[in-house]
Amino acid sequence: MFSRTVLSILGILSLSWIVYVTINIAAGSVVPSPENVFTTTDQSIVVVHNTKEIDYDQEAFHFLQETPFYIQLLSKQERIQHFYFSTSREIVVLERSKPWTFDIIQKYFTKLGIGSNLKHSKEVKLTNDWKIKYHDHFLVLFKGEFKPSEQSILDWKFADRKASASIVSKNNSAYQIENCYFISTNNVKYISVGNHHRLPLVDDQDVFQDIVPSDFKHYEFYETNYLKLIQKINSPLYEWLDQGLIVLETKLGKCIITDFKAGQNPIAVIAPLLDENVDLTTDKRVTLTNFTLPFPQFKPGKYHLEVFNGRAFISSNPQVINSIIGNYETGNTLAQSSIKRFQLFSETPKKCSYRLIDSKEHLTKSYLEKSIHTVIQTLDAESEEVEENLISQLAPLRLDGSILQIIPIQGSQQLYVVTNTGTVYYISNERILWSKVLNETLIGEPVLIPGSNQLAVQSSSNLHLFNSGGAEAEGFPIAMNQLSATPYHYIWKGEGALAVINGANLELITLRGKRVGSVSIGNNSSDNTPVCIQAIKGELIANVVVNGNWNRYNVKRKQKLKSIPVGEGEWYFVKNNNQVSAVGLSKKQFVRFADNGKKGVLIGNVSKILRRTSTADQELFFLSQQQRIFVVNGTGGLVAQFETRVTNISDVYLSKNRSGKTLVGILDGIANNSYIYTLNGNELSKQQFEGSSKLVLHKRGDNSLVLVSESNNYLVRYPLNY
């Protein structure tokens, strides 16, 4: 009897285990990995191994900037070692150092501001319409349906996981891997693995530097065997080429310069194409008609060829040849320009199969056995002035978290900084004067009180007002029920006060901590609810935008005076001569509503409002439209508009330098670098200042201008010598 009972129990347990395993196998029958995720429908795949080393402005990685979701993913490591992105499908693989779990997935996407809900144990649906399948170390993000491939498109072992990134590209029907190594901020090496044959490597400096003008615009070197490999056009050049040729562009035009084999005479080689009157023993320059060159950009036609000092020069414009030889004769060549030659060649391979140099980059290709090595060095267009334009930096100051706000006190050496940990810092010159840890979640933006250098800071349940000495003003902090929105500072009867939204009420509080009025506005306000106070006929009028309506209240009488529908959007109030208007971004249009309800569209197709700043005489709004910036004042006037080279503008700031010229600082949200422009769109030098998150221009007491930003929880500051 006992044995039968034991057997029954074991049978039940076995059946339960089989059912459990069956369910889990069914749920997770697809074990995602790069081998079965990517198929022949993927034209190319980009694998990011080290997010901090990638230059996302480079062509191969630029598509990552165009999808906000991809930018979000790359911004949070969370033990993710490798990111796999298809360039032709909405599918991503995240490879983690430790196995994925549903709890880890929820926490990860919560940090990205994306919700998730459980579908079953191996599939998750996100609130941004993406879906997830995961198993062990791999997680697949996709839209629509995920159908795994039965066969891998390539051998993934050739992807070097220690590289900065790997690029998988389709060449006809086969795929190849190119591993990318970001050696420094301006130097990248690519290694392509495949069935490549080794080609001779040539030191083109040694062959051509004595003939290349130092002020050339574009330079391309082709080793002879490499040229024959990529350009199969029949050309007489192949008969005399020895080590190779260069395609050179100068101010006057383009020219091909070749070497030639010992004992060869290029003019004799092309003799069948020449006029019978040409003397092959004496003539050094000839004219060719319908001459074919091994480059598509050089169309068959009339060319001039000259043999000089062991080289052959070919150009459609004889003046180009004359100019190059003239530079040689006067010593204006790379061989004589040691500084420029060092700047151009010191950080790249000496010998190569191909080399390209222009104002932006220096690229080389070297064909080795089974691999191609490509090195790209980013060049400074004004590299000869580097020593005069060294970027100086004030001592970085370590903070206890990432920066929420930088609030400079213009015209002084001081500034406030508030971090995401709820700490307020007061900084002067090279040191932190004091800091206050609030241990509270901050609400809205801190507000600097003009003239007093006090800072109003809100948490959800307290209103703080700090003096520059570090103490809170008399009567502060003030406990509140539920603060939201940013405080609004105004002057009433000669005394400063703050308007705050506390729960369903708008409350007026003096800078001495005294409540002097309130009015009910409803309970649908948020952190970005705009507030404005104006005085009309001796009474205070409160302006608030809630639920798409601009509501006006008489605070003393506690009554709503008017409601103007403005629609959902990002709204601000502008007060000019005591007249209030609502300005903001709604449905990608930057619009302005007057207090009579009249609407005017100021600019259409706006991506976002980057920043609102207040100067002594006007309000300014900075708007982005892809790489274009618009500067608009509070009354709707267009102050400036200009193009930038930044594709993901995350912050912008305006200030004037010592000479009164208006400068604009622009922060690249992908590269985490700032650049300085003038208000008419001219970029000042090519300097880039490392920093992320926030950017301000701080004009100090001595009229010097300092760019302030953040880098890995450090406050970084760069004096600007413009």
# chains A, B, ... in the order shown; residues from 1 in each chain; ligands from 1
>>> select_by_dssp(residues="segment 348-564 of chain A", states="helix (DSSP H, G or I)", output="NGL selection string")
:A and (383-389)
>>> residues_around(residues="segment 182-188 of chain A", least_positions_apart="3", cutoff="7 Å", atoms="only C-alpha atoms", output="MDAnalysis selection string")
chainID A and resid 53:54 164 375:378
>>> residues_around(residues="segment 636-643 of chain A", least_positions_apart="4", cutoff="12 Å", atoms="only C-alpha atoms", output="PyMOL selection string")
chain A and resi 574+576+581-584+590-594+599-603+618-632+647+649+654+662-664+666+677-683
>>> residues_around(residues="Asp57 of chain A", least_positions_apart="3", cutoff="12 Å", atoms="only C-alpha atoms", output="list of chain:residue names")
A:Ile54, A:Ala60, A:Phe61, A:His62, A:Phe63, A:Leu64, A:Gln65, A:Glu66, A:Thr185, A:Asn186, A:Thr378, A:Arg645, A:Val646, A:Thr647, A:Asn648, A:Asp668, A:Gly669, A:Ile670, A:Ala671, A:Asn672, A:Asn673
>>> select_by_dssp(residues="segment 182-411 of chain A", states="strand (DSSP E)", output="PyMOL selection string")
chain A and resi 182-184+187-193+218-223+244-249+254-258+285-291+301-308+311-315+354-357+361-368+371-378+397-398+403-408
>>> write_last_selection(atoms="C-alpha atoms", output="PDB file, in the first residue's frame")
ATOM      1  CA  PHE A 182      37.859  53.971 -32.041  1.00  0.00           C
ATOM      2  CA  ILE A 183      41.458  54.563 -31.066  1.00  0.00           C
ATOM      3  CA  SER A 184      40.806  58.140 -29.953  1.00  0.00           C
ATOM      4  CA  ASN A 187      41.057  58.182 -34.975  1.00  0.00           C
ATOM      5  CA  VAL A 188      39.127  55.054 -35.988  1.00  0.00           C
ATOM      6  CA  LYS A 189      40.401  51.765 -37.367  1.00  0.00           C
ATOM      7  CA  TYR A 190      38.235  49.315 -39.362  1.00  0.00           C
ATOM      8  CA  ILE A 191      39.263  45.710 -40.041  1.00  0.00           C
ATOM      9  CA  SER A 192      37.245  43.867 -42.678  1.00  0.00           C
ATOM     10  CA  VAL A 193      37.532  40.068 -42.558  1.00  0.00           C
ATOM     11  CA  HIS A 218      41.922  66.965 -51.873  1.00  0.00           C
ATOM     12  CA  TYR A 219      44.401  64.078 -52.155  1.00  0.00           C
ATOM     13  CA  GLU A 220      43.823  60.456 -53.148  1.00  0.00           C
ATOM     14  CA  PHE A 221      46.569  57.871 -53.568  1.00  0.00           C
ATOM     15  CA  TYR A 222      46.011  54.558 -55.399  1.00  0.00           C
ATOM     16  CA  GLU A 223      48.584  51.786 -55.304  1.00  0.00           C
ATOM     17  CA  GLY A 244      50.875  54.173 -58.094  1.00  0.00           C
ATOM     18  CA  LEU A 245      49.269  57.541 -58.735  1.00  0.00           C
ATOM     19  CA  ILE A 246      47.484  60.370 -56.908  1.00  0.00           C
ATOM     20  CA  VAL A 247      44.361  62.319 -57.832  1.00  0.00           C
ATOM     21  CA  LEU A 248      45.015  65.828 -56.596  1.00  0.00           C
ATOM     22  CA  GLU A 249      42.631  68.764 -56.353  1.00  0.00           C
ATOM     23  CA  LYS A 254      42.057  68.433 -60.573  1.00  0.00           C
ATOM     24  CA  CYS A 255      45.153  66.644 -61.759  1.00  0.00           C
ATOM     25  CA  ILE A 256      46.342  63.036 -61.922  1.00  0.00           C
ATOM     26  CA  ILE A 257      49.987  62.580 -61.022  1.00  0.00           C
ATOM     27  CA  THR A 258      51.612  59.196 -61.692  1.00  0.00           C
ATOM     28  CA  ARG A 285      53.911  68.014 -72.941  1.00  0.00           C
ATOM     29  CA  VAL A 286      51.283  66.699 -75.299  1.00  0.00           C
ATOM     30  CA  THR A 287      47.558  67.075 -75.881  1.00  0.00           C
ATOM     31  CA  LEU A 288      45.314  64.016 -76.032  1.00  0.00           C
ATOM     32  CA  THR A 289      41.833  63.756 -77.484  1.00  0.00           C
ATOM     33  CA  ASN A 290      39.263  61.160 -76.452  1.00  0.00           C
ATOM     34  CA  PHE A 291      41.660  59.886 -73.771  1.00  0.00           C
ATOM     35  CA  GLY A 301      37.831  63.874 -73.652  1.00  0.00           C
ATOM     36  CA  LYS A 302      40.675  66.313 -74.185  1.00  0.00           C
ATOM     37  CA  TYR A 303      43.547  66.115 -71.695  1.00  0.00           C
ATOM     38  CA  HIS A 304      47.014  67.549 -71.340  1.00  0.00           C
ATOM     39  CA  LEU A 305      49.886  65.302 -70.275  1.00  0.00           C
ATOM     40  CA  GLU A 306      53.283  66.496 -69.105  1.00  0.00           C
ATOM     41  CA  VAL A 307      56.287  64.508 -67.953  1.00  0.00           C
ATOM     42  CA  PHE A 308      58.357  66.265 -65.311  1.00  0.00           C
ATOM     43  CA  ARG A 311      56.186  61.946 -62.922  1.00  0.00           C
ATOM     44  CA  ALA A 312      53.401  62.248 -65.442  1.00  0.00           C
ATOM     45  CA  PHE A 313      50.812  65.001 -64.940  1.00  0.00           C
ATOM     46  CA  ILE A 314      47.372  64.716 -66.573  1.00  0.00           C
ATOM     47  CA  SER A 315      44.690  67.409 -66.442  1.00  0.00           C
ATOM     48  CA  TYR A 354      44.814  53.676 -50.721  1.00  0.00           C
ATOM     49  CA  ARG A 355      44.886  57.057 -49.012  1.00  0.00           C
ATOM     50  CA  LEU A 356      42.410  59.965 -49.001  1.00  0.00           C
ATOM     51  CA  ILE A 357      43.023  63.352 -47.404  1.00  0.00           C
ATOM     52  CA  GLU A 361      39.413  63.410 -42.681  1.00  0.00           C
ATOM     53  CA  HIS A 362      42.418  61.268 -43.486  1.00  0.00           C
ATOM     54  CA  LEU A 363      41.544  57.725 -44.608  1.00  0.00           C
ATOM     55  CA  THR A 364      43.796  54.792 -45.508  1.00  0.00           C
ATOM     56  CA  LYS A 365      43.110  51.241 -46.728  1.00  0.00           C
ATOM     57  CA  SER A 366      45.648  48.452 -46.444  1.00  0.00           C
ATOM     58  CA  TYR A 367      44.972  45.081 -48.107  1.00  0.00           C
ATOM     59  CA  LEU A 368      46.473  42.318 -45.993  1.00  0.00           C
ATOM     60  CA  SER A 371      41.619  41.292 -44.148  1.00  0.00           C
ATOM     61  CA  ILE A 372      41.405  44.965 -45.100  1.00  0.00           C
ATOM     62  CA  HIS A 373      42.557  47.548 -42.557  1.00  0.00           C
ATOM     63  CA  THR A 374      40.942  50.985 -42.842  1.00  0.00           C
ATOM     64  CA  VAL A 375      42.026  53.886 -40.632  1.00  0.00           C
ATOM     65  CA  ILE A 376      40.069  57.150 -40.456  1.00  0.00           C
ATOM     66  CA  GLN A 377      41.482  60.209 -38.731  1.00  0.00           C
ATOM     67  CA  THR A 378      39.232  63.244 -38.311  1.00  0.00           C
ATOM     68  CA  LEU A 397      34.068  69.926  -9.729  1.00  0.00           C
ATOM     69  CA  ARG A 398      32.636  66.583  -8.689  1.00  0.00           C
ATOM     70  CA  ILE A 403      22.862  67.897 -13.241  1.00  0.00           C
ATOM     71  CA  LEU A 404      19.225  68.950 -13.495  1.00  0.00           C
ATOM     72  CA  GLN A 405      19.845  72.676 -13.782  1.00  0.00           C
ATOM     73  CA  ILE A 406      22.770  75.101 -14.009  1.00  0.00           C
ATOM     74  CA  ILE A 407      21.737  78.599 -12.910  1.00  0.00           C
ATOM     75  CA  PRO A 408      24.496  81.173 -13.493  1.00  0.00           C
TER      76      PRO A 408
END
>>> closest_atom_pairs(of="segment 332-433 of chain A", to="segment 197-215 of chain A", cutoff="6 Å", atoms="only C-alpha atoms", output="JSON lines")
{"residue": "A:Asn332", "atom": "CA", "partner": "A:Pro213", "partner_atom": "CA", "distance": 5.8}
{"residue": "A:Thr333", "atom": "CA", "partner": "A:Pro213", "partner_atom": "CA", "distance": 4.2}
{"residue": "A:Leu334", "atom": "CA", "partner": "A:Ser214", "partner_atom": "CA", "distance": 4.8}
{"residue": "A:Ala335", "atom": "CA", "partner": "A:Asp210", "partner_atom": "CA", "distance": 4.8}
{"residue": "A:Lys350", "atom": "CA", "partner": "A:Asp203", "partner_atom": "CA", "distance": 5.7}
{"residue": "A:Lys351", "atom": "CA", "partner": "A:Asp203", "partner_atom": "CA", "distance": 4.3}
{"residue": "A:Cys352", "atom": "CA", "partner": "A:Leu201", "partner_atom": "CA", "distance": 4.6}
{"residue": "A:Ser353", "atom": "CA", "partner": "A:Leu201", "partner_atom": "CA", "distance": 5.3}
{"residue": "A:Tyr367", "atom": "CA", "partner": "A:Arg198", "partner_atom": "CA", "distance": 5.3}
{"residue": "A:Leu368", "atom": "CA", "partner": "A:Arg198", "partner_atom": "CA", "distance": 4.4}
{"residue": "A:Glu369", "atom": "CA", "partner": "A:Arg198", "partner_atom": "CA", "distance": 4.5}
>>> write_last_selection(atoms="all heavy atoms", output="CSV table (one decimal), in the first residue's frame")
chain,number,residue,atom,x,y,z
A,332,ASN,N,57.0,75.3,-52.3
A,332,ASN,CA,55.8,75.3,-51.6
A,332,ASN,C,55.1,73.9,-51.7
A,332,ASN,O,54.1,73.7,-52.3
A,332,ASN,CB,54.8,76.3,-52.1
A,332,ASN,CG,53.5,76.4,-51.4
A,332,ASN,OD1,53.5,76.1,-50.2
A,332,ASN,ND2,52.5,76.8,-52.1
A,333,THR,N,55.7,72.9,-51.1
A,333,THR,CA,55.3,71.5,-51.2
A,333,THR,C,55.2,70.9,-49.8
A,333,THR,O,55.7,71.4,-48.8
A,333,THR,CB,56.2,70.7,-52.0
A,333,THR,OG1,57.5,70.6,-51.4
A,333,THR,CG2,56.3,71.3,-53.4
A,334,LEU,N,54.6,69.7,-49.7
A,334,LEU,CA,54.5,69.0,-48.4
A,334,LEU,C,55.9,68.6,-47.9
A,334,LEU,O,56.2,68.6,-46.7
A,334,LEU,CB,53.7,67.7,-48.6
A,334,LEU,CG,52.2,67.8,-48.5
A,334,LEU,CD1,51.6,66.4,-48.7
A,334,LEU,CD2,51.8,68.4,-47.2
A,335,ALA,N,56.8,68.4,-48.8
A,335,ALA,CA,58.2,68.0,-48.4
A,335,ALA,C,58.9,69.2,-47.6
A,335,ALA,O,59.7,68.9,-46.7
A,335,ALA,CB,59.1,67.7,-49.6
A,350,LYS,N,51.9,54.5,-42.4
A,350,LYS,CA,52.9,55.1,-43.4
A,350,LYS,C,52.7,54.5,-44.8
A,350,LYS,O,52.8,55.2,-45.8
A,350,LYS,CB,54.3,54.9,-42.9
A,350,LYS,CG,55.4,55.6,-43.7
A,350,LYS,CD,56.7,55.5,-43.0
A,350,LYS,CE,57.8,56.2,-43.8
A,350,LYS,NZ,59.1,56.1,-43.2
A,351,LYS,N,52.5,53.1,-44.8
A,351,LYS,CA,52.3,52.4,-46.1
A,351,LYS,C,50.9,51.9,-46.2
A,351,LYS,O,50.3,51.5,-45.2
A,351,LYS,CB,53.3,51.2,-46.2
A,351,LYS,CG,54.8,51.6,-46.2
A,351,LYS,CD,55.6,50.4,-46.4
A,351,LYS,CE,57.1,50.8,-46.6
A,351,LYS,NZ,58.0,49.6,-46.9
A,352,CYS,N,50.3,52.0,-47.4
A,352,CYS,CA,48.9,51.6,-47.6
A,352,CYS,C,48.7,51.3,-49.0
A,352,CYS,O,49.5,51.4,-49.9
A,352,CYS,CB,48.0,52.8,-47.1
A,352,CYS,SG,48.3,54.3,-48.1
A,353,SER,N,47.4,50.8,-49.3
A,353,SER,CA,47.0,50.5,-50.6
A,353,SER,C,46.2,51.7,-51.2
A,353,SER,O,46.2,51.9,-52.4
A,353,SER,CB,46.1,49.3,-50.7
A,353,SER,OG,46.7,48.2,-50.1
A,367,TYR,N,45.4,46.4,-47.8
A,367,TYR,CA,45.0,45.1,-48.1
A,367,TYR,C,46.0,44.1,-47.6
A,367,TYR,O,47.1,44.0,-48.2
A,367,TYR,CB,44.8,44.9,-49.6
A,367,TYR,CG,43.4,45.4,-50.1
A,367,TYR,CD1,43.0,46.7,-50.0
A,367,TYR,CD2,42.5,44.4,-50.6
A,367,TYR,CE1,41.7,47.1,-50.4
A,367,TYR,CE2,41.2,44.8,-51.0
A,367,TYR,CZ,40.9,46.2,-50.9
A,367,TYR,OH,39.6,46.5,-51.4
A,368,LEU,N,45.6,43.4,-46.5
A,368,LEU,CA,46.5,42.3,-46.0
A,368,LEU,C,45.9,41.0,-46.3
A,368,LEU,O,44.8,40.9,-46.9
A,368,LEU,CB,46.6,42.5,-44.5
A,368,LEU,CG,47.1,43.9,-44.0
A,368,LEU,CD1,47.2,44.0,-42.5
A,368,LEU,CD2,48.5,44.2,-44.7
A,369,GLU,N,46.5,39.9,-46.0
A,369,GLU,CA,46.0,38.6,-46.2
A,369,GLU,C,44.8,38.3,-45.4
A,369,GLU,O,44.8,38.4,-44.2
A,369,GLU,CB,47.1,37.5,-45.9
A,369,GLU,CG,46.8,36.1,-46.5
A,369,GLU,CD,46.9,36.1,-48.0
A,369,GLU,OE1,47.7,36.8,-48.6
A,369,GLU,OE2,46.1,35.4,-48.6
>>> closest_residue(among="A:Lys157, A:Lys261, A:His196, A:His49", to="Glu35 of chain A", atoms="only C-alpha atoms")
A:Lys157
>>> atom_distance(atom1="atom CA of Glu239 of chain A", atom2="atom CA of Lys284 of chain A")
18.0 Å
>>> residues_around(residues="Tyr425 of chain A", least_positions_apart="3", cutoff="12 Å", atoms="only C-alpha atoms", output="number ranges by chain")
A: 397-401, 403-408, 414-422, 428, 431-438, 455, 457, 466-470, 715
>>> residues_around(residues="Lys170 of chain A", least_positions_apart="4", cutoff="8 Å", atoms="only C-alpha atoms", output="PyMOL selection string")
chain A and resi 43-44+174-176
>>> atom_distance(atom1="atom CA of Tyr488 of chain A", atom2="atom CA of Phe573 of chain A")
10.4 Å
>>> residues_around(residues="Pro266 of chain A", least_positions_apart="3", cutoff="8 Å", atoms="only C-alpha atoms", output="list of chain:residue names")
A:Leu237, A:Trp240, A:Phe260, A:Val269, A:Ile270, A:Val307, A:Ala312
>>> closest_residue(among="A:Gly660, A:Pro530, A:Pro236, A:Pro477", to="Gly513 of chain A", atoms="only C-alpha atoms")
A:Pro477
>>> atom_distance(atom1="atom CA of Ala165 of chain A", atom2="atom CA of Lys125 of chain A")
28.1 Å
